[in-house]
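Visitor: Next up, start_32.tsv (TSV, C-alpha atoms and all ligand atoms).
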chain	number	residue	atom	x	y	z
A	1	MET	CA	105.00	110.21	121.25
A	2	LYS	CA	102.38	111.07	118.62
A	3	GLY	CA	101.08	114.62	118.45
A	4	LEU	CA	102.47	118.10	118.94
A	5	THR	CA	104.38	118.74	122.15
A	6	LEU	CA	105.37	122.15	123.46
A	7	ASP	CA	107.98	121.31	126.04
A	8	ARG	CA	108.53	124.35	128.28
A	9	LEU	CA	108.05	126.72	125.36
A	10	ARG	CA	108.86	130.23	126.54
A	11	VAL	CA	108.96	133.45	124.53
A	12	THR	CA	110.07	136.82	125.84
A	13	ARG	CA	110.46	140.23	124.28
A	14	GLY	CA	113.00	142.22	126.25
A	15	ASP	CA	112.04	141.59	129.87
A	16	THR	CA	108.42	140.84	129.05
A	17	PRO	CA	107.31	137.23	129.21
A	18	LEU	CA	104.79	136.60	126.42
A	19	VAL	CA	104.41	132.85	126.12
A	20	ALA	CA	104.73	129.96	128.57
A	21	LEU	CA	103.22	126.76	127.25
A	22	ASP	CA	103.68	123.15	128.31
A	23	LEU	CA	101.33	120.81	126.57
A	24	THR	CA	100.87	117.92	124.20
A	25	VAL	CA	98.12	118.04	121.61
A	26	ALA	CA	97.17	114.49	120.64
A	27	PRO	CA	96.33	113.50	117.03
A	28	GLY	CA	92.77	114.65	116.31
A	29	GLU	CA	92.67	116.83	119.42
A	30	VAL	CA	91.94	120.56	119.29
A	31	VAL	CA	93.43	122.81	121.97
A	32	THR	CA	92.33	126.44	122.00
A	33	ILE	CA	94.72	129.17	123.05
A	34	MET	CA	92.50	131.95	124.28
A	35	GLY	CA	93.38	135.34	125.66
A	36	PRO	CA	92.81	139.04	125.15
A	37	SER	CA	94.41	141.11	122.42
A	38	GLY	CA	98.15	141.43	122.92
A	39	SER	CA	98.36	138.48	125.31
A	40	GLY	CA	100.77	136.53	123.09
A	41	LYS	CA	98.56	134.17	121.09
A	42	SER	CA	100.04	134.96	117.69
A	43	THR	CA	103.51	135.03	119.21
A	44	ALA	CA	102.98	131.47	120.46
A	45	LEU	CA	102.08	130.29	116.95
A	46	ALA	CA	105.02	132.18	115.42
A	47	ALA	CA	107.33	130.37	117.85
A	48	ILE	CA	105.83	126.98	116.97
A	49	ILE	CA	106.38	127.47	113.24
A	50	GLY	CA	109.78	129.12	113.71
A	51	ARG	CA	108.87	132.59	112.47
A	52	LEU	CA	109.44	134.84	115.46
A	53	GLY	CA	110.30	138.42	114.59
A	54	GLN	CA	113.40	140.29	115.68
A	55	GLY	CA	113.61	141.05	119.37
A	56	PHE	CA	111.78	137.89	120.50
A	57	ARG	CA	113.65	135.17	122.35
A	58	ALA	CA	112.38	131.62	122.54
A	59	SER	CA	113.42	128.63	124.63
A	60	GLY	CA	112.11	125.11	125.12
A	61	ARG	CA	111.50	122.36	122.60
A	62	ILE	CA	108.87	121.65	119.98
A	63	LEU	CA	108.26	117.99	119.18
A	64	LEU	CA	106.11	116.63	116.39
A	65	ASP	CA	105.33	112.92	116.48
A	66	GLY	CA	108.41	112.52	118.61
A	67	ARG	CA	110.61	114.44	116.16
A	68	ASP	CA	112.41	117.44	117.65
A	69	VAL	CA	111.68	120.21	115.13
A	70	THR	CA	112.88	123.11	117.29
A	71	ASP	CA	115.91	123.88	115.18
A	72	LEU	CA	114.39	123.12	111.78
A	73	PRO	CA	113.44	125.84	109.29
A	74	THR	CA	109.72	126.54	109.01
A	75	ARG	CA	108.97	124.38	105.95
A	76	ALA	CA	110.81	121.37	107.27
A	77	ARG	CA	108.70	121.36	110.44
A	78	ARG	CA	105.62	120.24	108.48
A	79	ILE	CA	103.28	122.39	110.52
A	80	GLY	CA	100.40	123.91	108.55
A	81	ILE	CA	99.01	127.28	109.53
A	82	LEU	CA	95.87	129.10	108.49
A	83	PHE	CA	95.54	132.81	109.19
A	84	GLN	CA	92.59	135.13	109.43
A	85	ASP	CA	93.77	137.05	106.40
A	86	ASP	CA	94.73	134.01	104.39
A	87	VAL	CA	94.55	135.50	100.96
A	88	LEU	CA	94.68	133.44	97.82
A	89	PHE	CA	97.22	134.49	95.22
A	90	PRO	CA	95.18	136.75	92.91
A	91	HIS	CA	97.26	136.04	89.82
A	92	LEU	CA	96.68	132.28	90.07
A	93	SER	CA	93.50	130.28	89.43
A	94	VAL	CA	91.89	128.35	92.27
A	95	GLY	CA	93.67	125.23	91.00
A	96	GLY	CA	96.95	127.13	90.80
A	97	ASN	CA	96.52	128.22	94.38
A	98	LEU	CA	95.93	124.64	95.49
A	99	GLY	CA	98.95	123.48	93.48
A	100	PHE	CA	101.04	125.84	95.56
A	101	GLY	CA	100.33	123.65	98.59
A	102	LEU	CA	101.42	120.44	96.88
A	103	PRO	CA	104.95	119.13	97.31
A	104	SER	CA	106.96	119.63	94.09
A	105	SER	CA	107.53	115.85	93.97
A	106	VAL	CA	103.87	115.44	92.93
A	107	ARG	CA	103.95	116.03	89.17
A	108	GLY	CA	101.88	115.85	86.00
A	109	PRO	CA	98.52	114.06	86.08
A	110	ALA	CA	98.97	113.15	89.74
A	111	ARG	CA	99.11	116.86	90.50
A	112	ARG	CA	95.88	117.57	88.68
A	113	ALA	CA	94.23	114.57	90.37
A	114	ARG	CA	95.21	115.74	93.85
A	115	ILE	CA	93.86	119.21	93.12
A	116	GLU	CA	90.57	117.84	91.78
A	117	GLU	CA	90.25	115.59	94.82
A	118	ALA	CA	90.84	118.51	97.19
A	119	LEU	CA	88.25	120.61	95.35
A	120	ALA	CA	85.69	117.83	95.58
A	121	GLN	CA	86.35	117.42	99.31
A	122	ALA	CA	85.76	121.14	99.78
A	123	ASP	CA	82.52	120.95	97.78
A	124	LEU	CA	84.15	122.98	95.01
A	125	ALA	CA	84.28	120.47	92.16
A	126	GLY	CA	84.78	122.25	88.82
A	127	PHE	CA	86.30	125.36	90.40
A	128	ALA	CA	89.91	124.71	89.31
A	129	ASP	CA	90.01	127.37	86.61
A	130	ARG	CA	88.10	130.03	88.52
A	131	ASP	CA	89.65	133.36	89.43
A	132	PRO	CA	89.83	133.55	93.27
A	133	ALA	CA	88.27	137.03	93.08
A	134	THR	CA	85.02	135.43	91.91
A	135	LEU	CA	84.66	133.22	95.01
A	136	SER	CA	82.58	133.91	98.12
A	137	GLY	CA	84.30	134.36	101.47
A	138	GLY	CA	83.41	130.84	102.53
A	139	GLN	CA	84.65	129.35	99.28
A	140	ARG	CA	87.92	131.24	99.60
A	141	ALA	CA	88.32	130.01	103.19
A	142	ARG	CA	87.82	126.41	102.06
A	143	VAL	CA	90.39	126.79	99.27
A	144	ALA	CA	92.87	128.26	101.75
A	145	LEU	CA	92.35	125.30	104.09
A	146	MET	CA	92.76	122.75	101.31
A	147	ARG	CA	95.93	124.50	100.13
A	148	THR	CA	97.32	124.13	103.64
A	149	LEU	CA	96.29	120.46	103.88
A	150	LEU	CA	97.73	119.54	100.47
A	151	ALA	CA	101.16	120.25	101.92
A	152	GLU	CA	100.47	117.23	104.17
A	153	PRO	CA	101.20	118.92	107.48
A	154	ALA	CA	101.66	116.78	110.58
A	155	ALA	CA	99.91	119.43	112.72
A	156	LEU	CA	97.61	122.35	112.04
A	157	LEU	CA	97.62	125.81	113.61
A	158	LEU	CA	94.63	128.09	113.19
A	159	ASP	CA	95.17	131.79	113.89
A	160	GLU	CA	91.65	133.22	114.22
A	161	PRO	CA	90.86	131.94	110.74
A	162	PHE	CA	87.12	132.53	111.11
A	163	GLY	CA	87.36	136.11	112.31
A	164	ARG	CA	86.22	137.91	109.23
A	165	LEU	CA	83.32	135.67	108.28
A	166	ASP	CA	79.73	136.49	109.19
A	167	VAL	CA	78.05	134.49	111.95
A	168	ASP	CA	76.39	131.72	109.90
A	169	LEU	CA	79.34	131.21	107.62
A	170	ARG	CA	81.67	131.29	110.59
A	171	ALA	CA	79.97	128.32	112.22
A	172	GLN	CA	79.87	126.45	108.92
A	173	ILE	CA	83.54	126.99	108.05
A	174	ARG	CA	84.61	126.34	111.62
A	175	SER	CA	83.02	122.90	111.62
A	176	PHE	CA	84.37	122.16	108.13
A	177	VAL	CA	87.92	122.95	109.25
A	178	LEU	CA	87.69	121.17	112.59
A	179	ASP	CA	85.96	118.06	111.15
A	180	ARG	CA	88.54	117.82	108.42
A	181	ALA	CA	91.45	118.15	110.86
A	182	ARG	CA	89.94	115.53	113.16
A	183	ARG	CA	89.36	113.16	110.27
A	184	GLU	CA	92.99	113.50	109.24
A	185	GLY	CA	94.05	112.89	112.84
A	186	LEU	CA	95.97	116.16	113.01
A	187	PRO	CA	96.83	117.78	116.32
A	188	VAL	CA	95.28	121.25	116.12
A	189	ILE	CA	95.98	124.47	118.00
A	190	LEU	CA	93.26	127.06	117.52
A	191	VAL	CA	93.98	130.64	118.53
A	192	SER	CA	90.94	132.75	119.27
A	193	HIS	CA	89.58	135.37	121.60
A	194	ASP	CA	86.05	134.17	120.94
A	195	PRO	CA	84.57	131.78	123.54
A	196	GLU	CA	82.22	130.47	120.85
A	197	ASP	CA	85.17	129.17	118.82
A	198	ALA	CA	86.58	127.52	121.92
A	199	ALA	CA	83.22	125.94	122.75
A	200	ALA	CA	82.84	124.66	119.19
A	201	ALA	CA	86.33	123.19	119.30
A	202	GLY	CA	85.23	121.34	122.43
A	203	GLY	CA	88.70	120.66	123.74
A	204	ARG	CA	91.04	122.11	126.32
A	205	ILE	CA	91.38	125.86	126.61
A	206	VAL	CA	94.70	127.34	127.67
A	207	ALA	CA	96.12	130.85	128.02
A	208	PRO	CA	99.31	131.83	126.15
A	209	ARG	CA	100.90	132.06	129.59
A	210	PRO	CA	99.41	131.40	133.02
A	211	SER	CA	98.89	135.06	133.96
A	212	ALA	CA	97.32	136.02	130.63
A	213	GLY	CA	93.85	134.78	131.62
A	214	THR	CA	91.25	133.36	129.28
A	301	LIG	N1	106.87	143.15	115.93
A	301	LIG	C1	106.59	143.50	117.18
A	301	LIG	N2	107.29	144.49	117.79
A	301	LIG	C2	107.03	144.84	119.04
A	301	LIG	N3	106.10	144.26	119.81
A	301	LIG	C3	105.39	143.29	119.28
A	301	LIG	C4	105.58	142.85	117.93
A	301	LIG	N4	104.70	141.87	117.67
A	301	LIG	C5	103.99	141.69	118.81
A	301	LIG	N5	104.39	142.53	119.76
A	301	LIG	C6	103.87	142.62	121.13
A	301	LIG	O1	103.88	141.34	121.69
A	301	LIG	C7	102.70	141.14	122.48
A	301	LIG	C8	101.96	139.89	122.02
A	301	LIG	O2	101.43	140.09	120.72
A	301	LIG	P1	100.56	138.99	119.96
A	301	LIG	O3	100.37	139.46	118.57
A	301	LIG	O4	101.20	137.67	120.16
A	301	LIG	O5	99.19	139.03	120.76
A	301	LIG	P2	97.81	138.33	120.42
A	301	LIG	O6	97.34	137.70	121.68
A	301	LIG	O7	97.96	137.46	119.23
A	301	LIG	O8	96.90	139.60	120.08
A	301	LIG	P3	95.65	139.74	119.06
A	301	LIG	O9	94.51	138.97	119.65
A	301	LIG	O10	95.41	141.22	119.08
A	301	LIG	O11	96.09	139.23	117.72
A	301	LIG	C9	101.90	142.41	122.37
A	301	LIG	O12	102.13	143.18	123.52
A	301	LIG	C10	102.42	143.07	121.13
A	301	LIG	O13	102.29	144.46	121.24
Kindly transcribe the structure held in the file into structure tokens.
Guide:
Amino acid sequence: MKGLTLDRLRVTRGDTPLVALDLTVAPGEVVTIMGPSGSGKSTALAAIIGRLGQGFRASGRILLDGRDVTDLPTRARRIGILFQDDVLFPHLSVGGNLGFGLPSSVRGPARRARIEEALAQADLAGFADRDPATLSGGQRARVALMRTLLAEPAALLLDEPFGRLDVDLRAQIRSFVLDRARREGLPVILVSHDPEDAAAAGGRIVAPRPSAGT
């Protein structure tokens, strides 16, 4: 089946249940996981990418386009994730940062071409040699997204990626990210505690576990 399936995904810490999710996110669909602080939203995403910290226990299966990725290491899962504090590497140019997302099999002129293409798509043509410190918050957010997409993920997770932006920019970046993901036909899970994000995503809204409320 196409899309991202969480098949009885459960995460506990000690005796505390944190995550209970059963859902399939179709290609191009956005599902929002909403809940108060500490309700397990980030834990759910950590489980999906295979980066749970010590003391957490997970069960269930994670399927991506029918592939069971549950036991694969993070990179091999091909799940892209964008965080609120997604910082660009300060010692690399904007182009260098984007190159970091590209598979190492893309070499030479093809590499440069892919980076230029990504910059153009993010309305940042000509920015390849810029120092990330000279970019605006919105420009940095777009570079971070393109870096994630250049890795050609089969699904995209968004962990409150718009949190730090001011209201106008927030709406603008949110639609840029969501439009882009829809156009690429990626299943998307958006984590947020902001009903406005959920409304803008326009899809299903779920809690990290049934009792965690929305
Ligand atoms: N490393 C850790 N050690 C101990 N407890 C942790 C750790 N990480 C998370 N927790 C606990 O697990 C629970 C879920 O945390 P999580 O970060 O998933 O919540 P969240 O819904 O993403 O919160 P927020 O909206 O504040 O980011 C919380 O009770 C938190 O205190």
Visitor: Hey, which bits of range 63-146 of chain A sit within 10 Å of range 167-173 of chain A, and for each residue what's the closest pair of atoms and how far apart in Å (one decimal), counting only C-alpha atoms, rows by chain and increasing number, as JSON lines?
Guide:
{"residue": "A:Gly137", "atom": "CA", "partner": "A:Leu169", "partner_atom": "CA", "distance": 8.5}
{"residue": "A:Gly138", "atom": "CA", "partner": "A:Leu169", "partner_atom": "CA", "distance": 6.5}
{"residue": "A:Gln139", "atom": "CA", "partner": "A:Ile173", "partner_atom": "CA", "distance": 9.1}
{"residue": "A:Ala141", "atom": "CA", "partner": "A:Ile173", "partner_atom": "CA", "distance": 7.5}
{"residue": "A:Arg142", "atom": "CA", "partner": "A:Ile173", "partner_atom": "CA", "distance": 7.4}
{"residue": "A:Leu145", "atom": "CA", "partner": "A:Ile173", "partner_atom": "CA", "distance": 9.8}
Visitor: Filtering to C-alpha atoms, could you give me those residues as a PDB file, in the frame of the given file?
Guide:
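Written file, selection-v6.pdb:
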ATOM      1  CA  GLY A 137      84.300 134.360 101.470  1.00  0.00           C
ATOM      2  CA  GLY A 138      83.410 130.840 102.530  1.00  0.00           C
ATOM      3  CA  GLN A 139      84.650 129.350  99.280  1.00  0.00           C
ATOM      4  CA  ALA A 141      88.320 130.010 103.190  1.00  0.00           C
ATOM      5  CA  ARG A 142      87.820 126.410 102.060  1.00  0.00           C
ATOM      6  CA  LEU A 145      92.350 125.300 104.090  1.00  0.00           C
TER       7      LEU A 145
END
Visitor: Which residues form the shell of 8 Å around ligand LIG 301 (chain A) when you count all atoms listed in the file, given as a ChimeraX atom specification?
Guide: /A:13,18,34-44,53-55,191-193,208
Visitor: Hey, what's within 9 Å of Gly96 in chain A if we count all atoms listed in the file and toss same-chain stuff fewer than 6 positions away? As a ChimeraX atom specification, please?
Guide: /A:89,115,128-129
Visitor: One number please: CA of Ala181 in chain A to CA of Ser211 in chain A, in Å, one decimal.
Guide: 29.6 Å
Visitor: Which of these, A:Gly108, A:Leu124, A:Leu82, A:Leu23, has the shortest distance to Ser136 in chain A once you count all atoms listed in the file?
Guide: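 Closest to Ser136 in chain A, using all atoms listed in the file: A:Leu124.
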Visitor: Determine the nearest neighbour of Ser93 in chain A from the options A:Thr134, A:Gln121, A:Ile81, A:Phe56, counting all atoms listed in the file.
Guide: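 Smallest distance to Ser93 in chain A is found for A:Thr134.
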Visitor: Find the distance between CA of Ala122 in chain A and CA of Pro90 in chain A and write it in Å to one decimal.
Guide: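 Those two atoms sit 19.5 Å apart.
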Visitor: Counting only C-alpha atoms, which residue out of A:Ala151, A:Ile49, A:Val19, A:Leu63 sits closest to Gly99 in chain A?
Guide: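 Looking only at the distances to Gly99 in chain A, the closest residue turns out to be A:Ala151.
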Visitor: In Å, with one decimal, what is the gap from CA of Arg111 in chain A to CA of Asp179 in chain A?
Guide: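 Going from CA of Arg111 in chain A over to CA of Asp179 in chain A, I get 24.5 Å.
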Visitor: List as a short mmCIF file (atom, residue, chain, number, x, y, z; two decimals) with C-alpha atoms, in the frame of the given file the protein and nucleic acid residues near Ala26 in chain A, meaning an atom at most 12 Å away when only C-alpha atoms are counted, but skip any in the same chain fewer than 5 places from it.
Guide:
data_model
loop_
_atom_site.label_atom_id
_atom_site.label_comp_id
_atom_site.auth_asym_id
_atom_site.auth_seq_id
_atom_site.Cartn_x
_atom_site.Cartn_y
_atom_site.Cartn_z
CA MET A 1 105.00 110.21 121.25
CA LYS A 2 102.38 111.07 118.62
CA GLY A 3 101.08 114.62 118.45
CA LEU A 4 102.47 118.10 118.94
CA THR A 5 104.38 118.74 122.15
CA LEU A 6 105.37 122.15 123.46
CA VAL A 31 93.43 122.81 121.97
CA LEU A 63 108.26 117.99 119.18
CA LEU A 64 106.11 116.63 116.39
CA ASP A 65 105.33 112.92 116.48
CA GLY A 66 108.41 112.52 118.61
CA ALA A 154 101.66 116.78 110.58
CA ALA A 155 99.91 119.43 112.72
CA LEU A 156 97.61 122.35 112.04
CA ALA A 181 91.45 118.15 110.86
CA ARG A 182 89.94 115.53 113.16
CA GLY A 185 94.05 112.89 112.84
CA LEU A 186 95.97 116.16 113.01
CA PRO A 187 96.83 117.78 116.32
CA VAL A 188 95.28 121.25 116.12
CA ILE A 189 95.98 124.47 118.00
CA GLY A 203 88.70 120.66 123.74
CA ARG A 204 91.04 122.11 126.32
#
Visitor: Write out as a list in words each polymer residue whose atoms come within 10 Å of Pro73 in chain A, counting only C-alpha atoms; drop sequence neighbours fewer than 5 positions from it.
Guide: Ile49, Gly50, Arg51 and Arg78 of chain A
Visitor: With C-alpha atoms retained, could you export that selection as a PDB file, in the coordinates of the input?
Guide:
ATOM      1  CA  ILE A  49     106.380 127.470 113.240  1.00  0.00           C
ATOM      2  CA  GLY A  50     109.780 129.120 113.710  1.00  0.00           C
ATOM      3  CA  ARG A  51     108.870 132.590 112.470  1.00  0.00           C
ATOM      4  CA  ARG A  78     105.620 120.240 108.480  1.00  0.00           C
TER       5      ARG A  78
END
Visitor: Please identify all polymer residues within 10 Å of Thr74 in chain A, counting only C-alpha atoms, omitting same-chain residues fewer than 2 positions from it, and present them as JSON, numbers by chain.
Guide: {"A": [46, 47, 48, 49, 50, 51, 69, 70, 71, 72, 76, 77, 78, 79, 80]}
Visitor: Quick one: residues within 7 Å of range 101-105 of chain A, only C-alpha atoms counted, chain neighbours fewer than 6 positions away excluded, as a ChimeraX atom specification?
Guide: /A:147-148,150-151
Visitor: So, counting only C-alpha atoms, which residue among A:Ala200, A:Met146, A:Leu45, A:Ala120 is closest to Ile62 in chain A?
Guide: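 Among the listed residues, A:Leu45 lies closest to Ile62 in chain A.
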Visitor: Will you model N, CA and C atoms for range 77-108 of chain A and pass it back as a compact mmCIF listing (two decimals), in the coordinates of the input?
Guide:
# COMPACT_ATOMS: atom_id res chain seq x y z
N ARG A 77 109.43 121.78 109.22
CA ARG A 77 108.70 121.36 110.44
C ARG A 77 107.41 120.61 110.09
N ARG A 78 106.88 120.86 108.92
CA ARG A 78 105.62 120.24 108.48
C ARG A 78 104.47 120.60 109.41
N ILE A 79 104.39 121.88 109.72
CA ILE A 79 103.28 122.39 110.52
C ILE A 79 102.49 123.36 109.63
N GLY A 80 101.22 123.04 109.39
CA GLY A 80 100.40 123.91 108.55
C GLY A 80 99.78 125.01 109.38
N ILE A 81 99.63 126.18 108.78
CA ILE A 81 99.01 127.28 109.53
C ILE A 81 98.03 128.02 108.62
N LEU A 82 96.92 128.38 109.21
CA LEU A 82 95.87 129.10 108.49
C LEU A 82 95.60 130.39 109.25
N PHE A 83 95.70 131.50 108.55
CA PHE A 83 95.54 132.81 109.19
C PHE A 83 94.17 133.41 108.88
N GLN A 84 93.83 134.40 109.66
CA GLN A 84 92.59 135.13 109.43
C GLN A 84 92.58 135.77 108.03
N ASP A 85 93.72 136.33 107.68
CA ASP A 85 93.77 137.05 106.40
C ASP A 85 94.39 136.19 105.32
N ASP A 86 94.10 134.90 105.36
CA ASP A 86 94.73 134.01 104.39
C ASP A 86 94.21 134.33 103.00
N VAL A 87 94.99 135.11 102.29
CA VAL A 87 94.55 135.50 100.96
C VAL A 87 95.05 134.48 99.94
N LEU A 88 94.23 134.28 98.93
CA LEU A 88 94.68 133.44 97.82
C LEU A 88 95.49 134.32 96.88
N PHE A 89 96.43 133.71 96.17
CA PHE A 89 97.22 134.49 95.22
C PHE A 89 96.30 134.94 94.09
N PRO A 90 96.17 136.25 93.88
CA PRO A 90 95.18 136.75 92.91
C PRO A 90 95.55 136.47 91.46
N HIS A 91 96.85 136.25 91.20
CA HIS A 91 97.26 136.04 89.82
C HIS A 91 97.18 134.56 89.42
N LEU A 92 96.81 133.71 90.37
CA LEU A 92 96.68 132.28 90.07
C LEU A 92 95.21 131.87 90.14
N SER A 93 94.85 130.84 89.36
CA SER A 93 93.50 130.28 89.43
C SER A 93 93.34 129.57 90.77
N VAL A 94 92.13 129.13 91.05
CA VAL A 94 91.89 128.35 92.27
C VAL A 94 92.77 127.10 92.26
N GLY A 95 92.82 126.42 91.12
CA GLY A 95 93.67 125.23 91.00
C GLY A 95 95.14 125.56 91.20
N GLY A 96 95.56 126.69 90.65
CA GLY A 96 96.95 127.13 90.80
C GLY A 96 97.28 127.39 92.25
N ASN A 97 96.33 127.98 92.96
CA ASN A 97 96.52 128.22 94.38
C ASN A 97 96.68 126.92 95.15
N LEU A 98 95.84 125.94 94.79
CA LEU A 98 95.93 124.64 95.49
C LEU A 98 97.26 123.96 95.17
N GLY A 99 97.69 124.09 93.91
CA GLY A 99 98.95 123.48 93.48
C GLY A 99 100.12 124.01 94.30
N PHE A 100 100.00 125.23 94.75
CA PHE A 100 101.04 125.84 95.56
C PHE A 100 101.26 125.08 96.87
N GLY A 101 100.20 124.41 97.35
CA GLY A 101 100.33 123.65 98.59
C GLY A 101 101.00 122.30 98.38
N LEU A 102 100.92 121.80 97.15
CA LEU A 102 101.42 120.44 96.88
C LEU A 102 102.95 120.38 96.89
N PRO A 103 103.50 119.30 97.40
CA PRO A 103 104.95 119.13 97.31
C PRO A 103 105.35 119.07 95.83
N SER A 104 106.55 119.58 95.50
CA SER A 104 106.96 119.63 94.09
C SER A 104 107.20 118.23 93.54
N SER A 105 107.33 117.23 94.44
CA SER A 105 107.53 115.85 93.97
C SER A 105 106.26 115.28 93.32
N VAL A 106 105.11 115.90 93.57
CA VAL A 106 103.87 115.44 92.93
C VAL A 106 103.75 116.17 91.59
N ARG A 107 103.86 115.40 90.49
CA ARG A 107 103.95 116.03 89.17
C ARG A 107 102.87 115.55 88.22
N GLY A 108 102.71 116.27 87.13
CA GLY A 108 101.88 115.85 86.00
C GLY A 108 100.45 115.53 86.38
